[in-house]
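One structure is given here, and the rest of the page talks about it.
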There are 4 protein chains.
Amino acid sequence: MDFRSDNVTGAAPEILKALVEAASGTVSSYGEDPITARVEERLKEIFECDLVAFPVATGTAANSLSLSLLSPAWGAVFCHEGAHIAVDECGAPEFYTGGAKLIDLPGADGKLTAAQLAALIPGGLGVVHHAQPAAISLTQATEAGTAYRPDEVAAIAELARRHGLRLHMDGARFANALAFLNATPAEMTWRAGVDILSFGATKNGALAAEAVVIFDKALAAEFAFRRKRAGHLFSKMRFLSAQLDAYLEGGLWLRNAGHANAMANHLAEGLGRIAGAKLAHPVEANEIFVDLPEHAIRGLQADGFQFYRWLGEDQTLLRLVTAFDTKEADVAAFIASAERHAARANEKVA
Amino acid sequence: MDFRSDNVTGAAPEILKALVEAASGTVSSYGEDPITARVEERLKEIFECDLVAFPVATGTAANSLSLSLLSPAWGAVFCHEGAHIAVDECGAPEFYTGGAKLIDLPGADGKLTAAQLAALIPGGLGVVHHAQPAAISLTQATEAGTAYRPDEVAAIAELARRHGLRLHMDGARFANALAFLNATPAEMTWRAGVDILSFGATKNGALAAEAVVIFDKALAAEFAFRRKRAGHLFSKMRFLSAQLDAYLEGGLWLRNAGHANAMANHLAEGLGRIAGAKLAHPVEANEIFVDLPEHAIRGLQADGFQFYRWLGEDQTLLRLVTAFDTKEADVAAFIASAERHAARANEKVA
Amino acid sequence: MDFRSDNVTGAAPEILKALVEAASGTVSSYGEDPITARVEERLKEIFECDLVAFPVATGTAANSLSLSLLSPAWGAVFCHEGAHIAVDECGAPEFYTGGAKLIDLPGADGKLTAAQLAALIPGGLGVVHHAQPAAISLTQATEAGTAYRPDEVAAIAELARRHGLRLHMDGARFANALAFLNATPAEMTWRAGVDILSFGATKNGALAAEAVVIFDKALAAEFAFRRKRAGHLFSKMRFLSAQLDAYLEGGLWLRNAGHANAMANHLAEGLGRIAGAKLAHPVEANEIFVDLPEHAIRGLQADGFQFYRWLGEDQTLLRLVTAFDTKEADVAAFIASAERHAARANEKVA
Amino acid sequence: MDFRSDNVTGAAPEILKALVEAASGTVSSYGEDPITARVEERLKEIFECDLVAFPVATGTAANSLSLSLLSPAWGAVFCHEGAHIAVDECGAPEFYTGGAKLIDLPGADGKLTAAQLAALIPGGLGVVHHAQPAAISLTQATEAGTAYRPDEVAAIAELARRHGLRLHMDGARFANALAFLNATPAEMTWRAGVDILSFGATKNGALAAEAVVIFDKALAAEFAFRRKRAGHLFSKMRFLSAQLDAYLEGGLWLRNAGHANAMANHLAEGLGRIAGAKLAHPVEANEIFVDLPEHAIRGLQADGFQFYRWLGEDQTLLRLVTAFDTKEADVAAFIASAERHAARANEKVA
């Protein structure tokens, strides 16, 4: 009954099984193994295009290495003010790019808009005193639990292309966005104009595995060197790749995400019926931001549910995150607990 | 029958089992879980001292992050010219330190000596034009398959301390050195004067896990931030820690290393009986550097054995690496094949 | 009749004279010369304290090197959104700190306030995911042509000290602020809590010279190495120092600044009498931000006056900058021209 | 009577005069002034080609910024072990490139040879574990006071081109090499295959001025941003450019260098007549490396001559440097003193 994050979860049994199976025998190290090759092939099929894919172990590595290909050290990278790269990576993008400047922007429901960006880009381009507009990074699904529509991405990509900027997508919860949108992976990425995708698996059932998917192959040349010198090239690469291989096989990634999304929906519907509850954002992926009465929150805590108050310990906005293994019974129990405590609070008030 | 490296191996069953067991239920992320705490406790016991330990996934990360604590960006780090940090990490130490200069030094059997270093240190100290002597990095076991004796380490540490330099030990094969030396972990590290140890597990049975062991706790304060911003902080940290936990439990790490060393010894003895074979270095850990007749090499290759010619494709010096799971039968087969082909070659010559 | 900036000016005759006089004979290089020593002595007298001073040639170098002493690579540096370090140095602070994050904040009249900062600091301190609050940088005089009062600086410094942050002052126009405030250099810096001051001379009569004045001498140890490896240590240091020496001698720096401020005041008063003119900020140093009728602007341009429209080519807010050598006649001519063209515009309207 | 270095000198009167003349009136800042434009035109004429030139104030800045264009952060830069970039810039090339690895190589008379480099290049190219061969840096004149012949440079450039490496020339004493060789500037640089030249003026009569001369204009695009974010873009650029303008006008640069070389020749000839004196390298530019009897050295010191013992305080190899303003009388006095003290020493021995 832990709704703190999708990273408090363990791992999907299919992925664990693949890991164990990958462990026998010797194979070439550093990615020259057949499993790694197969992962790239699977991604080509899924994304319906040629591409280069590099497994890494963490989302921060995926994002930062990606941005280091898209922005020079004197570049500016536009992102939402709540983006993981802006607030949760302790300056990793700055470290990897050699000091690029993140331009953190506000935006409803965790999203940037093309109109908003058009007012800023290409300000300062070519002027030696200013950081040079270089890239835009979108988070899909967003940190507010919403999903960009393909046309929203395309409009931003079009602006980027017009001014020579590149487009990155932080897809730590890419599967959740995709499961919601009913769009194809291609539509949501390269067809819309994405240059590099951080394709997440860790939050959705893997132990620690992400793939950096590079659609513009010209950008890939230096990635291998950047990954190695960052210490993110695994010698026993098969153990990263085996996770991704099982994740992609037979659509496990979308099934897992679909389940997490469904659980989030149940939760949102249930909580929506509580008097005084208010959702802060549409629930489109596996995160719910909900304002609950203080009494309900304390009751839930007393009942052993775990979650974060999102804006501080004295605030009533909660973030609830579901995952590939969230149990329907736990969701029902959460709703019941919240209802019970909220009702009791109302009685007192009455 | 693959003697290319200890990183072509899979993983020890004990470690895989621990990984699978660690996968159920939710726990706090980013290292706030009980397994991670237990790993640190185990290391304190093993090293008989207080310390801080940080799990990371690769040796390059462990080394580079360690060096970034020990040298400023304008520092000089002394190491053997064959050290992994000098030739096999694509400039990771330079990246992590912000541009420190590695001073690559020659040395018999992969070792630096206190005498050699005393001739160089503290040259330039305090002179603003020169990189500032900041740290020494020793590889234990060395890249030549030998092991520093505790008094060799202590003599170097004493020199370092006298001039204000810090001492790093790259212990990617620390267990192999220890199994050979019959010294305690404490004697080989902090008692001798080591400040930080990259404590390897990957080459010795883990999937991808190393521990940065910081003996000087004052140095640890900034490690957490450096690890995070490098993308080396795992959200599901339990999966790194579970590997280390099983690795340390019941002495698995030393048993595995002892086995690999024994296999290397068998191999060295067997090959030593071949006419024309010549060991380049004493065999003290799990690596053998042996010069074999060209005919024997080709015969071995034809028989399906895998290994590297160490100095180039036209050279007859081989590196053979044994591991935790090397089979005695494979070693025997290798020796037999080498003997057979060497004998035939001698016949031809005769 | 050029009011574009104080960096379009040449150099003060006293400084040129000193430069020529410093040019004969041989002296030790890299700052081991008597002129450099004398500059430090002069600064100790002026600031009434012990300190370490390092001459550099540009304000960007002074600021960035200073910040690199005050923030780790994973630090956050709070500054005004209009600060030179935030918008006019092409990411130099990020380069020199190794990727610190500038937190650009709004603020009336170019100033930050202690209250505003108290709402943000020490948010995230000690949390490994976030950039760590490390330093605050104030610009004195501000980019809006105003000056912090000593108590405003002290309130911010007190907040910084309470949470372990350091305080930097970008004093590219320090002399102008001082000439306005009638405070002592000590009151405006270390007594208020400033750790490092970028003490500007270039904009106020030097050719290219600034001094980094470090009040907390413990911070100075690494400055020498940082300056050298950035290529900012002059071999013929006497030529930087001679500029600063003459700048400080006999109060030239305050005389020059006082003149520039007086010219700005005249200009502001004159323009203030024009119908439709509106000052955007109090005029406290040598910069005027004034909104003028479009007709007046075009008339001034036609009359050959040079200045910048501050918010874009279609905007009527002008920045006018006076300098150590601004001629009273030019100021009078500017006012007369503006009056004449504004009046004519009014006639047309009428 | 100071032979310590050519950077203990003041400045040439022609250059001082130009500086003073440049100081009046307002001009556009940051290099948009007519003097800066004229310097580039002069360099185009002198080098007989199209090029882009960027003035900076120090040789370390010129070298490091140049190398940052020629090597990625994971690159290897080959240079002589005595090169300024290797031993006298406190890691500036590493800072500016983001961590490239300098490969310091031995070589007679301060020179690298194509044969020597051909044995090393392109070792490791394309292998992700190793720093990638990226550039070669030659010092002209060398740190041993010798000069590469154009065909020596061309042979190295040909090797570089064949393997995709770039060629940098550190020309801190470029004028001295040119004055000796009787080659054209073009022959010694771009025609031989040099991509970027650090064109020195400081040691040869300027106060602090160098020009980065970029022959491959495609490389120039990012230089402007790199210079700015390093704090090396002067706001009052005219004062850098005026030095270079006077330096180039009417061949002053070659006259100054010719004089310094002539003084070095006189000195070498005179010292060559002393029993026991031995030149370590041919004297081709303005540096002399000479081994003198200990008695002669002490005598010279007692007579007030200044110079460095090159290999340590107990060593008898001296470095003597002449400059644009070295007086013939001082050279004669030095020789006479050395002769007198050497003779006396011989008497004692006899």
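Just so we're on the same page: first chain in the structure tokens is A, next is B, and so on; residues restart at 1 for each chain, and ligands are numbered from 1 in the order they show up.
The list of chain D residues within 9 Å of chain B is D:Ala73, D:Trp74, D:Gly75, D:Ala86, D:Val87, D:Asp88, D:Glu89, D:Cys90, D:Gly91, D:Ala92, D:Pro93, D:Glu94, D:Phe95, D:Tyr96, D:Thr97, D:Gly98, D:Gly99, D:Ala100, D:Lys101, D:Leu102, D:Val127, D:Val128, D:His129, D:His130, D:Ala131, D:Gln132; this uses only C-alpha atoms.
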Mind checking which residues fall within 12 Å of Leu112 of chain C, counting only C-alpha atoms, ignoring those fewer than 6 positions away in the same chain, and posting them as a PDB file with all heavy atoms, in the first residue's frame?
ATOM      1  N   PHE C  78      22.052  32.182  -6.473  1.00  0.00           N
ATOM      2  CA  PHE C  78      20.894  33.061  -6.612  1.00  0.00           C
ATOM      3  C   PHE C  78      21.331  34.428  -7.115  1.00  0.00           C
ATOM      4  O   PHE C  78      22.284  35.013  -6.579  1.00  0.00           O
ATOM      5  CB  PHE C  78      20.175  33.197  -5.264  1.00  0.00           C
ATOM      6  CG  PHE C  78      19.641  31.886  -4.755  1.00  0.00           C
ATOM      7  CD1 PHE C  78      20.456  31.013  -4.037  1.00  0.00           C
ATOM      8  CD2 PHE C  78      18.336  31.504  -5.027  1.00  0.00           C
ATOM      9  CE1 PHE C  78      19.970  29.795  -3.589  1.00  0.00           C
ATOM     10  CE2 PHE C  78      17.847  30.287  -4.578  1.00  0.00           C
ATOM     11  CZ  PHE C  78      18.669  29.427  -3.855  1.00  0.00           C
ATOM     12  N   CYS C  79      20.627  34.921  -8.124  1.00  0.00           N
ATOM     13  CA  CYS C  79      20.976  36.243  -8.657  1.00  0.00           C
ATOM     14  C   CYS C  79      19.745  36.881  -9.288  1.00  0.00           C
ATOM     15  O   CYS C  79      18.741  36.217  -9.529  1.00  0.00           O
ATOM     16  CB  CYS C  79      22.100  36.126  -9.682  1.00  0.00           C
ATOM     17  SG  CYS C  79      21.655  35.173 -11.132  1.00  0.00           S
ATOM     18  N   HIS C  80      19.837  38.160  -9.571  1.00  0.00           N
ATOM     19  CA  HIS C  80      18.746  38.861 -10.244  1.00  0.00           C
ATOM     20  C   HIS C  80      18.676  38.404 -11.702  1.00  0.00           C
ATOM     21  O   HIS C  80      19.685  38.123 -12.313  1.00  0.00           O
ATOM     22  CB  HIS C  80      18.982  40.366 -10.174  1.00  0.00           C
ATOM     23  CG  HIS C  80      17.781  41.171 -10.579  1.00  0.00           C
ATOM     24  ND1 HIS C  80      17.497  41.473 -11.889  1.00  0.00           N
ATOM     25  CD2 HIS C  80      16.778  41.693  -9.839  1.00  0.00           C
ATOM     26  CE1 HIS C  80      16.386  42.179 -11.941  1.00  0.00           C
ATOM     27  NE2 HIS C  80      15.921  42.328 -10.700  1.00  0.00           N
ATOM     28  N   GLU C  81      17.474  38.333 -12.217  1.00  0.00           N
ATOM     29  CA  GLU C  81      17.302  37.834 -13.587  1.00  0.00           C
ATOM     30  C   GLU C  81      17.956  38.741 -14.627  1.00  0.00           C
ATOM     31  O   GLU C  81      18.175  38.330 -15.757  1.00  0.00           O
ATOM     32  CB  GLU C  81      15.816  37.652 -13.908  1.00  0.00           C
ATOM     33  CG  GLU C  81      15.027  38.943 -13.876  1.00  0.00           C
ATOM     34  CD  GLU C  81      13.517  38.724 -14.010  1.00  0.00           C
ATOM     35  OE1 GLU C  81      13.070  37.575 -14.030  1.00  0.00           O
ATOM     36  OE2 GLU C  81      12.800  39.738 -14.093  1.00  0.00           O
ATOM     37  N   GLY C  82      18.273  39.965 -14.245  1.00  0.00           N
ATOM     38  CA  GLY C  82      18.963  40.857 -15.170  1.00  0.00           C
ATOM     39  C   GLY C  82      20.463  40.901 -14.933  1.00  0.00           C
ATOM     40  O   GLY C  82      21.173  41.652 -15.603  1.00  0.00           O
ATOM     41  N   ALA C  83      20.951  40.109 -13.999  1.00  0.00           N
ATOM     42  CA  ALA C  83      22.375  40.165 -13.652  1.00  0.00           C
ATOM     43  C   ALA C  83      23.255  39.803 -14.847  1.00  0.00           C
ATOM     44  O   ALA C  83      22.888  38.969 -15.680  1.00  0.00           O
ATOM     45  CB  ALA C  83      22.670  39.210 -12.492  1.00  0.00           C
ATOM     46  N   ILE C 103      20.025  30.632 -10.288  1.00  0.00           N
ATOM     47  CA  ILE C 103      18.596  30.796 -10.053  1.00  0.00           C
ATOM     48  C   ILE C 103      18.287  32.263 -10.288  1.00  0.00           C
ATOM     49  O   ILE C 103      18.599  33.123  -9.460  1.00  0.00           O
ATOM     50  CB  ILE C 103      18.226  30.399  -8.602  1.00  0.00           C
ATOM     51  CG1 ILE C 103      18.819  29.040  -8.232  1.00  0.00           C
ATOM     52  CG2 ILE C 103      16.716  30.446  -8.417  1.00  0.00           C
ATOM     53  CD1 ILE C 103      18.222  27.867  -8.945  1.00  0.00           C
ATOM     54  N   ASP C 104      17.708  32.557 -11.443  1.00  0.00           N
ATOM     55  CA  ASP C 104      17.454  33.942 -11.854  1.00  0.00           C
ATOM     56  C   ASP C 104      16.142  34.414 -11.244  1.00  0.00           C
ATOM     57  O   ASP C 104      15.096  33.824 -11.510  1.00  0.00           O
ATOM     58  CB  ASP C 104      17.346  34.038 -13.371  1.00  0.00           C
ATOM     59  CG  ASP C 104      18.524  33.384 -14.080  1.00  0.00           C
ATOM     60  OD1 ASP C 104      19.545  33.127 -13.427  1.00  0.00           O
ATOM     61  OD2 ASP C 104      18.401  33.113 -15.287  1.00  0.00           O
ATOM     62  N   LEU C 105      16.186  35.478 -10.490  1.00  0.00           N
ATOM     63  CA  LEU C 105      15.004  35.949  -9.777  1.00  0.00           C
ATOM     64  C   LEU C 105      14.603  37.341 -10.213  1.00  0.00           C
ATOM     65  O   LEU C 105      15.466  38.190 -10.489  1.00  0.00           O
ATOM     66  CB  LEU C 105      15.287  35.964  -8.271  1.00  0.00           C
ATOM     67  CG  LEU C 105      15.687  34.610  -7.675  1.00  0.00           C
ATOM     68  CD1 LEU C 105      16.177  34.792  -6.249  1.00  0.00           C
ATOM     69  CD2 LEU C 105      14.515  33.644  -7.725  1.00  0.00           C
ATOM     70  N   PRO C 106      13.295  37.607 -10.252  1.00  0.00           N
ATOM     71  CA  PRO C 106      12.844  38.964 -10.563  1.00  0.00           C
ATOM     72  C   PRO C 106      13.086  39.869  -9.357  1.00  0.00           C
ATOM     73  O   PRO C 106      13.394  39.394  -8.257  1.00  0.00           O
ATOM     74  CB  PRO C 106      11.338  38.785 -10.816  1.00  0.00           C
ATOM     75  CG  PRO C 106      10.965  37.590  -9.996  1.00  0.00           C
ATOM     76  CD  PRO C 106      12.186  36.682  -9.978  1.00  0.00           C
ATOM     77  N   ALA C 118      14.592  34.634   1.436  1.00  0.00           N
ATOM     78  CA  ALA C 118      14.260  33.803   2.597  1.00  0.00           C
ATOM     79  C   ALA C 118      13.171  32.799   2.258  1.00  0.00           C
ATOM     80  O   ALA C 118      13.072  31.741   2.891  1.00  0.00           O
ATOM     81  CB  ALA C 118      13.827  34.687   3.763  1.00  0.00           C
ATOM     82  N   ILE C 136      24.968  33.608  -3.200  1.00  0.00           N
ATOM     83  CA  ILE C 136      24.115  34.687  -3.713  1.00  0.00           C
ATOM     84  C   ILE C 136      25.044  35.698  -4.365  1.00  0.00           C
ATOM     85  O   ILE C 136      26.122  35.983  -3.837  1.00  0.00           O
ATOM     86  CB  ILE C 136      23.325  35.359  -2.564  1.00  0.00           C
ATOM     87  CG1 ILE C 136      22.440  34.329  -1.841  1.00  0.00           C
ATOM     88  CG2 ILE C 136      22.478  36.521  -3.084  1.00  0.00           C
ATOM     89  CD1 ILE C 136      21.888  34.834  -0.500  1.00  0.00           C
ATOM     90  N   SER C 137      24.647  36.199  -5.511  1.00  0.00           N
ATOM     91  CA  SER C 137      25.452  37.219  -6.181  1.00  0.00           C
ATOM     92  C   SER C 137      24.628  38.492  -6.344  1.00  0.00           C
ATOM     93  O   SER C 137      23.543  38.463  -6.924  1.00  0.00           O
ATOM     94  CB  SER C 137      25.930  36.720  -7.549  1.00  0.00           C
ATOM     95  OG  SER C 137      26.705  37.724  -8.182  1.00  0.00           O
ATOM     96  N   LEU C 138      25.134  39.578  -5.806  1.00  0.00           N
ATOM     97  CA  LEU C 138      24.476  40.882  -5.934  1.00  0.00           C
ATOM     98  C   LEU C 138      25.294  41.760  -6.880  1.00  0.00           C
ATOM     99  O   LEU C 138      26.518  41.700  -6.877  1.00  0.00           O
ATOM    100  CB  LEU C 138      24.393  41.571  -4.571  1.00  0.00           C
ATOM    101  CG  LEU C 138      23.706  40.796  -3.456  1.00  0.00           C
ATOM    102  CD1 LEU C 138      23.730  41.615  -2.158  1.00  0.00           C
ATOM    103  CD2 LEU C 138      22.276  40.444  -3.837  1.00  0.00           C
ATOM    104  N   THR C 139      24.601  42.577  -7.648  1.00  0.00           N
ATOM    105  CA  THR C 139      25.289  43.481  -8.565  1.00  0.00           C
ATOM    106  C   THR C 139      25.200  44.895  -8.000  1.00  0.00           C
ATOM    107  O   THR C 139      24.109  45.378  -7.706  1.00  0.00           O
ATOM    108  CB  THR C 139      24.641  43.431  -9.955  1.00  0.00           C
ATOM    109  OG1 THR C 139      24.560  42.072 -10.370  1.00  0.00           O
ATOM    110  CG2 THR C 139      25.460  44.215 -10.962  1.00  0.00           C
ATOM    111  N   GLN C 140      26.356  45.536  -7.851  1.00  0.00           N
ATOM    112  CA  GLN C 140      26.414  46.828  -7.182  1.00  0.00           C
ATOM    113  C   GLN C 140      27.318  47.766  -7.968  1.00  0.00           C
ATOM    114  O   GLN C 140      28.510  47.512  -8.052  1.00  0.00           O
ATOM    115  CB  GLN C 140      26.956  46.618  -5.755  1.00  0.00           C
ATOM    116  CG  GLN C 140      27.122  47.830  -4.915  1.00  0.00           C
ATOM    117  CD  GLN C 140      25.811  48.408  -4.384  1.00  0.00           C
ATOM    118  OE1 GLN C 140      24.831  48.489  -5.125  1.00  0.00           O
ATOM    119  NE2 GLN C 140      25.806  48.828  -3.142  1.00  0.00           N
ATOM    120  N   THR C 142      23.406  48.083  -9.515  1.00  0.00           N
ATOM    121  CA  THR C 142      22.622  47.081 -10.228  1.00  0.00           C
ATOM    122  C   THR C 142      22.571  47.374 -11.724  1.00  0.00           C
ATOM    123  O   THR C 142      22.961  48.462 -12.177  1.00  0.00           O
ATOM    124  CB  THR C 142      21.173  47.039  -9.712  1.00  0.00           C
ATOM    125  OG1 THR C 142      20.494  48.216 -10.185  1.00  0.00           O
ATOM    126  CG2 THR C 142      21.130  47.015  -8.186  1.00  0.00           C
ATOM    127  N   GLU C 143      22.047  46.401 -12.449  1.00  0.00           N
ATOM    128  CA  GLU C 143      21.883  46.580 -13.899  1.00  0.00           C
ATOM    129  C   GLU C 143      20.755  47.547 -14.214  1.00  0.00           C
ATOM    130  O   GLU C 143      20.522  47.868 -15.377  1.00  0.00           O
ATOM    131  CB  GLU C 143      21.617  45.219 -14.557  1.00  0.00           C
ATOM    132  CG  GLU C 143      22.753  44.215 -14.413  1.00  0.00           C
ATOM    133  CD  GLU C 143      23.951  44.553 -15.283  1.00  0.00           C
ATOM    134  OE1 GLU C 143      23.801  45.345 -16.235  1.00  0.00           O
ATOM    135  OE2 GLU C 143      25.051  44.052 -14.994  1.00  0.00           O
ATOM    136  N   ALA C 144      20.039  47.984 -13.189  1.00  0.00           N
ATOM    137  CA  ALA C 144      18.979  48.974 -13.384  1.00  0.00           C
ATOM    138  C   ALA C 144      19.456  50.362 -12.992  1.00  0.00           C
ATOM    139  O   ALA C 144      18.670  51.313 -12.930  1.00  0.00           O
ATOM    140  CB  ALA C 144      17.742  48.587 -12.573  1.00  0.00           C
ATOM    141  N   THR C 146      20.635  51.275 -10.087  1.00  0.00           N
ATOM    142  CA  THR C 146      20.357  51.602  -8.680  1.00  0.00           C
ATOM    143  C   THR C 146      21.454  51.010  -7.800  1.00  0.00           C
ATOM    144  O   THR C 146      22.291  50.253  -8.267  1.00  0.00           O
ATOM    145  CB  THR C 146      18.996  51.027  -8.257  1.00  0.00           C
ATOM    146  OG1 THR C 146      19.048  49.596  -8.433  1.00  0.00           O
ATOM    147  CG2 THR C 146      17.866  51.600  -9.101  1.00  0.00           C
ATOM    148  N   ALA C 147      21.429  51.360  -6.529  1.00  0.00           N
ATOM    149  CA  ALA C 147      22.473  50.874  -5.621  1.00  0.00           C
ATOM    150  C   ALA C 147      21.843  50.253  -4.377  1.00  0.00           C
ATOM    151  O   ALA C 147      20.915  50.832  -3.786  1.00  0.00           O
ATOM    152  CB  ALA C 147      23.392  52.024  -5.216  1.00  0.00           C
ATOM    153  N   TYR C 148      22.345  49.091  -3.997  1.00  0.00           N
ATOM    154  CA  TYR C 148      21.930  48.484  -2.728  1.00  0.00           C
ATOM    155  C   TYR C 148      22.446  49.351  -1.588  1.00  0.00           C
ATOM    156  O   TYR C 148      23.608  49.794  -1.599  1.00  0.00           O
ATOM    157  CB  TYR C 148      22.569  47.097  -2.563  1.00  0.00           C
ATOM    158  CG  TYR C 148      21.944  45.995  -3.366  1.00  0.00           C
ATOM    159  CD1 TYR C 148      22.482  45.620  -4.597  1.00  0.00           C
ATOM    160  CD2 TYR C 148      20.840  45.298  -2.889  1.00  0.00           C
ATOM    161  CE1 TYR C 148      21.934  44.580  -5.332  1.00  0.00           C
ATOM    162  CE2 TYR C 148      20.278  44.251  -3.621  1.00  0.00           C
ATOM    163  CZ  TYR C 148      20.835  43.901  -4.834  1.00  0.00           C
ATOM    164  OH  TYR C 148      20.287  42.877  -5.553  1.00  0.00           O
ATOM    165  N   ARG C 149      21.603  49.555  -0.564  1.00  0.00           N
ATOM    166  CA  ARG C 149      22.072  50.211   0.650  1.00  0.00           C
ATOM    167  C   ARG C 149      22.821  49.177   1.477  1.00  0.00           C
ATOM    168  O   ARG C 149      22.490  47.972   1.410  1.00  0.00           O
ATOM    169  CB  ARG C 149      20.896  50.763   1.460  1.00  0.00           C
ATOM    170  CG  ARG C 149      19.992  51.771   0.759  1.00  0.00           C
ATOM    171  CD  ARG C 149      20.718  52.718  -0.153  1.00  0.00           C
ATOM    172  NE  ARG C 149      19.859  53.760  -0.693  1.00  0.00           N
ATOM    173  CZ  ARG C 149      19.513  53.845  -1.976  1.00  0.00           C
ATOM    174  NH1 ARG C 149      19.935  52.951  -2.867  1.00  0.00           N
ATOM    175  NH2 ARG C 149      18.768  54.866  -2.402  1.00  0.00           N
ATOM    176  N   GLU C 152      20.666  46.703   3.156  1.00  0.00           N
ATOM    177  CA  GLU C 152      20.047  45.708   2.269  1.00  0.00           C
ATOM    178  C   GLU C 152      21.014  44.550   2.016  1.00  0.00           C
ATOM    179  O   GLU C 152      20.633  43.380   2.017  1.00  0.00           O
ATOM    180  CB  GLU C 152      19.644  46.357   0.944  1.00  0.00           C
ATOM    181  CG  GLU C 152      18.494  47.357   1.073  1.00  0.00           C
ATOM    182  CD  GLU C 152      18.206  48.101  -0.236  1.00  0.00           C
ATOM    183  OE1 GLU C 152      19.175  48.405  -0.988  1.00  0.00           O
ATOM    184  OE2 GLU C 152      17.028  48.394  -0.497  1.00  0.00           O
ATOM    185  N   VAL C 153      22.256  44.916   1.801  1.00  0.00           N
ATOM    186  CA  VAL C 153      23.284  43.881   1.608  1.00  0.00           C
ATOM    187  C   VAL C 153      23.434  43.058   2.879  1.00  0.00           C
ATOM    188  O   VAL C 153      23.493  41.821   2.834  1.00  0.00           O
ATOM    189  CB  VAL C 153      24.638  44.517   1.224  1.00  0.00           C
ATOM    190  CG1 VAL C 153      25.729  43.446   1.140  1.00  0.00           C
ATOM    191  CG2 VAL C 153      24.521  45.277  -0.096  1.00  0.00           C
ATOM    192  N   ALA C 155      21.320  42.434   5.234  1.00  0.00           N
ATOM    193  CA  ALA C 155      20.190  41.535   5.502  1.00  0.00           C
ATOM    194  C   ALA C 155      20.307  40.268   4.664  1.00  0.00           C
ATOM    195  O   ALA C 155      20.034  39.158   5.120  1.00  0.00           O
ATOM    196  CB  ALA C 155      18.875  42.258   5.205  1.00  0.00           C
ATOM    197  N   ILE C 156      20.721  40.450   3.426  1.00  0.00           N
ATOM    198  CA  ILE C 156      20.911  39.282   2.550  1.00  0.00           C
ATOM    199  C   ILE C 156      22.094  38.451   3.034  1.00  0.00           C
ATOM    200  O   ILE C 156      22.045  37.213   3.049  1.00  0.00           O
ATOM    201  CB  ILE C 156      21.089  39.761   1.087  1.00  0.00           C
ATOM    202  CG1 ILE C 156      19.743  40.299   0.569  1.00  0.00           C
ATOM    203  CG2 ILE C 156      21.614  38.637   0.213  1.00  0.00           C
ATOM    204  CD1 ILE C 156      19.834  41.003  -0.774  1.00  0.00           C
ATOM    205  N   ALA C 157      23.146  39.108   3.445  1.00  0.00           N
ATOM    206  CA  ALA C 157      24.327  38.391   3.945  1.00  0.00           C
ATOM    207  C   ALA C 157      24.001  37.588   5.193  1.00  0.00           C
ATOM    208  O   ALA C 157      24.488  36.465   5.372  1.00  0.00           O
ATOM    209  CB  ALA C 157      25.455  39.384   4.242  1.00  0.00           C
TER     210      ALA C 157
END
DSSP on the backbone: what in segment 27-234 of chain A comes out strand (DSSP E or B), as an MDAnalysis selection string?
-> chainID A and resid 52:56 75:80 101:105 132:139 166:171 196:200 210:214
Could you name the residues that touch Ala183 of chain A at 12 Å or less, counting only C-alpha atoms, but leaving out those on the same chain fewer than 6 positions away, as a PyMOL selection string?
-> chain A and resi 47+147-151+174-177+189+191-192+254
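Interatomic distance, atom CA of Thr322 of chain B against atom CA of Ala343 of chain B: 24.4 Å.
Interatomic distance, atom CA of Asn256 of chain D against atom CA of Ala208 of chain D: 15.6 Å.
Residues of segment 166-211 of chain A assigned to alpha helix (DSSP H) by DSSP on this structure's backbone: Phe174, Ala175, Asn176, Ala177, Leu178, Ala179, Phe180, Leu181, Pro185, Ala186, Glu187 and Met188 of chain A.
You will find atom CA of Ala323 of chain D at 7.4 Å from atom CA of His259 of chain D.
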Write out as a ChimeraX atom specification each polymer residue whose atoms come within 10 Å of segment 297-312 of chain D, counting only C-alpha atoms; drop sequence neighbours fewer than 5 positions from it.
-> /D:1-5,289-292,317-321,330,333-342,344-345
